[in-house]
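I have placed the structure first, in the form of structure tokens, so that the comments after it can refer back to it.
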Amino acid sequence: MLRFAGTVFPRMLVSDNGSIFLSHDTRRVCAQLGIEKKEIKKGKPYQNYIEAAFGVQRRMADWSFEKAQTWEDLLAAHDKWMRDYNFQKHMAHEERQDGCHRPAEVLGWIKGMQPEEAVVHEAFSAICETRRLDKAGYAKFRNWSLYGERALAGEITQVNIFQNFLTLEYEQEKLSRYSVEWQLDERHLARVGNPRFYRHPYQSPQQELWQPGEVEWFVIIRNAPPVRRRKRKSRLVVMQLSLLLDGTEG
């Protein structure tokens with residue numbers, strides 16, 4: 001089990017426009033942990049100062065590490081690098097009027113945040129995929145069709161699985177939740193049950209045609225396994241025109 005006790009997270013994450021930083025998983029984790037996610041403008045890498053910072057840190061570290069002979073020397077060199085980089089005056093801050101000319105002084109007030117350990121564990125342990133709801137409002141996941149919301153037919157929803165619960169969400173709003181049990185292959189679901197539906201702002205305004213209990217409504221549908229059809233082998237037929245026996249030319 002992962003341990004997150006005492007982990008400090010930033011309040012904002014600034015990155016470039018790489019696919020990993022724009023992925024749904026990254027945005028989901030940031031949203032769950034309360035981290036504001038922003039990106040620099042495309043084609044302007046200088047807006048992200050971290051690249052220049054890494055270059056300075058690498059040069060400062062290499063200068064000190066080159067002289068290290070033992071593990072203790074490496075630890076001492078790392079401590080020296082931390083002091084030099086964070087507590088020496090920096091040209092980027094020399095014109096500040098508040099007297100903060102060192103990185104440690106400029107960022108000293110930023111302490112980050114410590115979400116609850118259970119929240120962090122859920123954010124990094126959950127399985128999250130996306131599915132498009134069909135015309136009836138169902139999401140097809142693995143070998144099951146699960147009801148989300150008919151008013152959102154055609155919309156893409158998030159399928160979050162944490163421990164033994166599967167939750168359908170749309171725009172950070174929970175639509176429905178089901179208890180699940182995995183098959184031995186850990187790819188397909190063996191059982192789905194205990195449906196629960198949440199109040200959300202996307203419920204259909206259309207009134208029900210039947211009163212509750214008048215008809216049986218299946219919100220959990222187990223799909224039949226796909227039928228694998230054997231491919232027919234194509235045959236190549238070669239036809240040759242017979243030669244004219246009378247010697248005439250066509």
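Scheme for the structure tokens: letters A, B, ... for chains in order shown; per-chain residue numbers from 1; ligand numbers from 1 in order shown.
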So which residues of range 54-225 of chain A fall under alpha helix (DSSP H) by DSSP, listed as JSON, numbers by chain? {"A": [54, 55, 56, 57, 58, 59, 60, 61, 62, 63, 64, 65, 71, 72, 73, 74, 75, 76, 77, 78, 79, 80, 81, 82, 83, 84, 85, 86, 87, 103, 104, 105, 106, 117, 118, 119, 120, 121, 122, 123, 124, 125]}
Would you kindly return, as a PyMOL selection string, each protein, DNA or RNA residue with an atom no farther than 12 Å from any atom of Gln88 in chain A, considering only C-alpha atoms and excluding same-chain residues fewer than 6 positions away? chain A and resi 80-82+94+100-106
Write out the residues from the selection above, keeping all heavy atoms, as a JSON list (two decimals), in the first residue's frame.
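Saved file result_3.json follows:
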```json
[["chain", "number", "residue", "atom", "x", "y", "z"],
["A", 80, "LYS", "N", 25.27, 21.44, 0.26],
["A", 80, "LYS", "CA", 25.88, 22.70, -0.17],
["A", 80, "LYS", "C", 25.16, 23.28, -1.39],
["A", 80, "LYS", "O", 24.93, 24.50, -1.47],
["A", 80, "LYS", "CB", 27.36, 22.48, -0.48],
["A", 80, "LYS", "CG", 28.10, 23.76, -0.90],
["A", 80, "LYS", "CD", 29.56, 23.47, -1.18],
["A", 80, "LYS", "CE", 30.30, 24.77, -1.51],
["A", 80, "LYS", "NZ", 29.71, 25.46, -2.70],
["A", 81, "TRP", "N", 24.81, 22.41, -2.32],
["A", 81, "TRP", "CA", 24.07, 22.88, -3.49],
["A", 81, "TRP", "C", 22.72, 23.47, -3.10],
["A", 81, "TRP", "O", 22.32, 24.51, -3.62],
["A", 81, "TRP", "CB", 23.88, 21.71, -4.45],
["A", 81, "TRP", "CG", 22.75, 21.94, -5.41],
["A", 81, "TRP", "CD1", 22.72, 22.83, -6.44],
["A", 81, "TRP", "CD2", 21.49, 21.29, -5.41],
["A", 81, "TRP", "NE1", 21.51, 22.77, -7.08],
["A", 81, "TRP", "CE2", 20.74, 21.83, -6.47],
["A", 81, "TRP", "CE3", 20.93, 20.29, -4.62],
["A", 81, "TRP", "CZ2", 19.45, 21.41, -6.76],
["A", 81, "TRP", "CZ3", 19.65, 19.86, -4.91],
["A", 81, "TRP", "CH2", 18.92, 20.43, -5.96],
["A", 82, "MET", "N", 22.02, 22.84, -2.16],
["A", 82, "MET", "CA", 20.74, 23.36, -1.70],
["A", 82, "MET", "C", 20.90, 24.75, -1.10],
["A", 82, "MET", "O", 20.11, 25.67, -1.37],
["A", 82, "MET", "CB", 20.12, 22.40, -0.69],
["A", 82, "MET", "CG", 19.60, 21.10, -1.28],
["A", 82, "MET", "SD", 18.04, 21.34, -2.17],
["A", 82, "MET", "CE", 16.95, 21.77, -0.82],
["A", 94, "GLU", "N", 16.83, 40.78, -8.23],
["A", 94, "GLU", "CA", 17.64, 41.87, -7.70],
["A", 94, "GLU", "C", 16.90, 43.21, -7.71],
["A", 94, "GLU", "O", 17.27, 44.12, -6.96],
["A", 94, "GLU", "CB", 18.94, 41.97, -8.49],
["A", 94, "GLU", "CG", 18.75, 42.32, -9.96],
["A", 94, "GLU", "CD", 20.08, 42.38, -10.71],
["A", 94, "GLU", "OE1", 21.13, 42.12, -10.08],
["A", 94, "GLU", "OE2", 20.04, 42.69, -11.91],
["A", 100, "CYS", "N", 13.44, 40.96, -0.91],
["A", 100, "CYS", "CA", 13.59, 39.52, -1.13],
["A", 100, "CYS", "C", 14.37, 39.30, -2.42],
["A", 100, "CYS", "O", 13.82, 39.45, -3.53],
["A", 100, "CYS", "CB", 12.22, 38.84, -1.21],
["A", 100, "CYS", "SG", 11.24, 39.00, 0.29],
["A", 101, "HIS", "N", 15.65, 38.99, -2.28],
["A", 101, "HIS", "CA", 16.52, 38.83, -3.44],
["A", 101, "HIS", "C", 17.02, 37.40, -3.60],
["A", 101, "HIS", "O", 17.77, 37.12, -4.53],
["A", 101, "HIS", "CB", 17.72, 39.77, -3.33],
["A", 101, "HIS", "CG", 17.33, 41.21, -3.15],
["A", 101, "HIS", "ND1", 16.66, 41.91, -4.11],
["A", 101, "HIS", "CD2", 17.51, 42.06, -2.10],
["A", 101, "HIS", "CE1", 16.43, 43.14, -3.69],
["A", 101, "HIS", "NE2", 16.94, 43.26, -2.47],
["A", 102, "ARG", "N", 16.62, 36.50, -2.73],
["A", 102, "ARG", "CA", 17.04, 35.11, -2.78],
["A", 102, "ARG", "C", 15.80, 34.22, -3.00],
["A", 102, "ARG", "O", 14.71, 34.55, -2.52],
["A", 102, "ARG", "CB", 17.75, 34.70, -1.49],
["A", 102, "ARG", "CG", 19.01, 35.52, -1.21],
["A", 102, "ARG", "CD", 19.54, 35.24, 0.19],
["A", 102, "ARG", "NE", 20.80, 35.95, 0.44],
["A", 102, "ARG", "CZ", 20.88, 37.22, 0.82],
["A", 102, "ARG", "NH1", 19.76, 37.94, 0.99],
["A", 102, "ARG", "NH2", 22.05, 37.80, 1.03],
["A", 103, "PRO", "N", 15.94, 33.09, -3.71],
["A", 103, "PRO", "CA", 14.78, 32.22, -3.92],
["A", 103, "PRO", "C", 14.10, 31.81, -2.63],
["A", 103, "PRO", "O", 12.87, 31.74, -2.57],
["A", 103, "PRO", "CB", 15.39, 31.02, -4.65],
["A", 103, "PRO", "CG", 16.57, 31.57, -5.37],
["A", 103, "PRO", "CD", 17.13, 32.63, -4.45],
["A", 104, "ALA", "N", 14.86, 31.54, -1.60],
["A", 104, "ALA", "CA", 14.26, 31.13, -0.33],
["A", 104, "ALA", "C", 13.42, 32.24, 0.28],
["A", 104, "ALA", "O", 12.41, 31.99, 0.93],
["A", 104, "ALA", "CB", 15.35, 30.68, 0.64],
["A", 105, "GLU", "N", 13.83, 33.49, 0.07],
["A", 105, "GLU", "CA", 13.06, 34.62, 0.58],
["A", 105, "GLU", "C", 11.80, 34.87, -0.25],
["A", 105, "GLU", "O", 10.74, 35.19, 0.29],
["A", 105, "GLU", "CB", 13.93, 35.87, 0.58],
["A", 105, "GLU", "CG", 15.13, 35.77, 1.52],
["A", 105, "GLU", "CD", 16.08, 36.95, 1.37],
["A", 105, "GLU", "OE1", 15.96, 37.67, 0.34],
["A", 105, "GLU", "OE2", 16.94, 37.14, 2.25],
["A", 106, "VAL", "N", 11.93, 34.71, -1.57],
["A", 106, "VAL", "CA", 10.79, 34.94, -2.44],
["A", 106, "VAL", "C", 9.71, 33.88, -2.24],
["A", 106, "VAL", "O", 8.51, 34.18, -2.22],
["A", 106, "VAL", "CB", 11.24, 34.97, -3.90],
["A", 106, "VAL", "CG1", 10.05, 35.09, -4.85],
["A", 106, "VAL", "CG2", 12.22, 36.11, -4.13]]
```
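Close contacts of Glu171 in chain A, defined as residues with an atom at most 12 Å away when counting only C-alpha atoms, with chain neighbours fewer than 2 positions off set aside, comprise A:His24, A:Arg27, A:Arg28, A:Ala31, A:Thr130, A:Leu152, A:Glu155, A:Ile156, A:Thr157, A:Gln158, A:Val159, A:Leu168, A:Glu169, A:Glu173, A:Lys174, A:Leu175, A:His200, A:Pro201, A:Tyr202.
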Selection export as a compact mmCIF listing (two decimals), in the first residue's frame, atoms kept: C-alpha atoms:
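Ended up saving to selection-v3.txt:
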```
# COMPACT_ATOMS: atom_id res chain seq x y z
CA HIS A 24 -7.48 13.36 -18.30
CA ARG A 27 -6.44 16.84 -14.64
CA ARG A 28 -8.38 14.34 -12.55
CA ALA A 31 -8.92 18.29 -9.38
CA THR A 130 -13.82 7.71 -20.41
CA LEU A 152 -26.46 13.24 -21.35
CA GLU A 155 -21.69 13.01 -23.93
CA ILE A 156 -18.36 11.65 -22.68
CA THR A 157 -18.36 10.62 -19.03
CA GLN A 158 -15.65 9.47 -16.64
CA VAL A 159 -15.62 5.93 -15.30
CA LEU A 168 -19.90 7.45 -13.48
CA GLU A 169 -19.14 11.19 -13.44
CA GLU A 173 -20.69 15.60 -10.85
CA LYS A 174 -21.49 12.04 -9.80
CA LEU A 175 -24.21 10.39 -11.88
CA HIS A 200 -27.14 16.37 -10.27
CA PRO A 201 -27.95 19.33 -12.54
CA TYR A 202 -28.07 17.17 -15.68
```
Please list as a PyMOL selection string every residue within 7 Å of Val120 in chain A, counting only C-alpha atoms and excluding residues in the same chain fewer than 4 positions away. chain A and resi 4+33+115-116+124
Write a file of the just-selected residues containing C-alpha atoms, as an mmCIF file, in the first residue's frame.
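Okay, result-v1.cif is ready:
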```
data_model
loop_
_atom_site.group_PDB
_atom_site.id
_atom_site.type_symbol
_atom_site.label_atom_id
_atom_site.label_comp_id
_atom_site.auth_asym_id
_atom_site.auth_seq_id
_atom_site.Cartn_x
_atom_site.Cartn_y
_atom_site.Cartn_z
ATOM 1 C CA PHE A 4 1.277 9.449 1.621
ATOM 2 C CA LEU A 33 -6.198 17.164 -4.727
ATOM 3 C CA PRO A 115 -4.551 16.790 1.680
ATOM 4 C CA GLU A 116 -5.922 13.946 3.750
ATOM 5 C CA PHE A 124 -3.442 7.887 -7.277
#
```
Could you list, as a list of chain:residue names, every residue within 7 Å of range 190-197 of chain A, counting only C-alpha atoms and ignoring same-chain residues fewer than 5 positions away? A:Leu175, A:Ser176, A:Arg177, A:Tyr178, A:Ser179, A:Val180, A:Glu181, A:Trp182, A:Gln183
How about saving the chosen residues, C-alpha atoms kept, as a PDB file, in the first residue's frame?
```
ATOM      1  CA  LEU A 175     -24.205  10.394 -11.881  1.00  0.00           C
ATOM      2  CA  SER A 176     -24.358   6.856 -10.526  1.00  0.00           C
ATOM      3  CA  ARG A 177     -22.348   4.351  -8.530  1.00  0.00           C
ATOM      4  CA  TYR A 178     -22.165   0.546  -8.562  1.00  0.00           C
ATOM      5  CA  SER A 179     -20.397  -2.070  -6.495  1.00  0.00           C
ATOM      6  CA  VAL A 180     -18.207  -4.285  -8.672  1.00  0.00           C
ATOM      7  CA  GLU A 181     -16.237  -7.505  -8.469  1.00  0.00           C
ATOM      8  CA  TRP A 182     -13.421  -8.337 -10.896  1.00  0.00           C
ATOM      9  CA  GLN A 183     -12.863 -11.599 -12.704  1.00  0.00           C
TER      10      GLN A 183
END
```
As a count of residues only, list the residues of range 3-179 of chain A assigned to strand (DSSP E) by DSSP on the backbone atoms of this structure. 42
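Atom to atom, CA of Asp16 in chain A and CA of Ile40 in chain A stand 5.4 Å apart.
Nearest to Ala123 in chain A of all the residues A:Gly148, A:Gly18, A:Gly34, A:Pro10 is A:Gly34, counting only C-alpha atoms.
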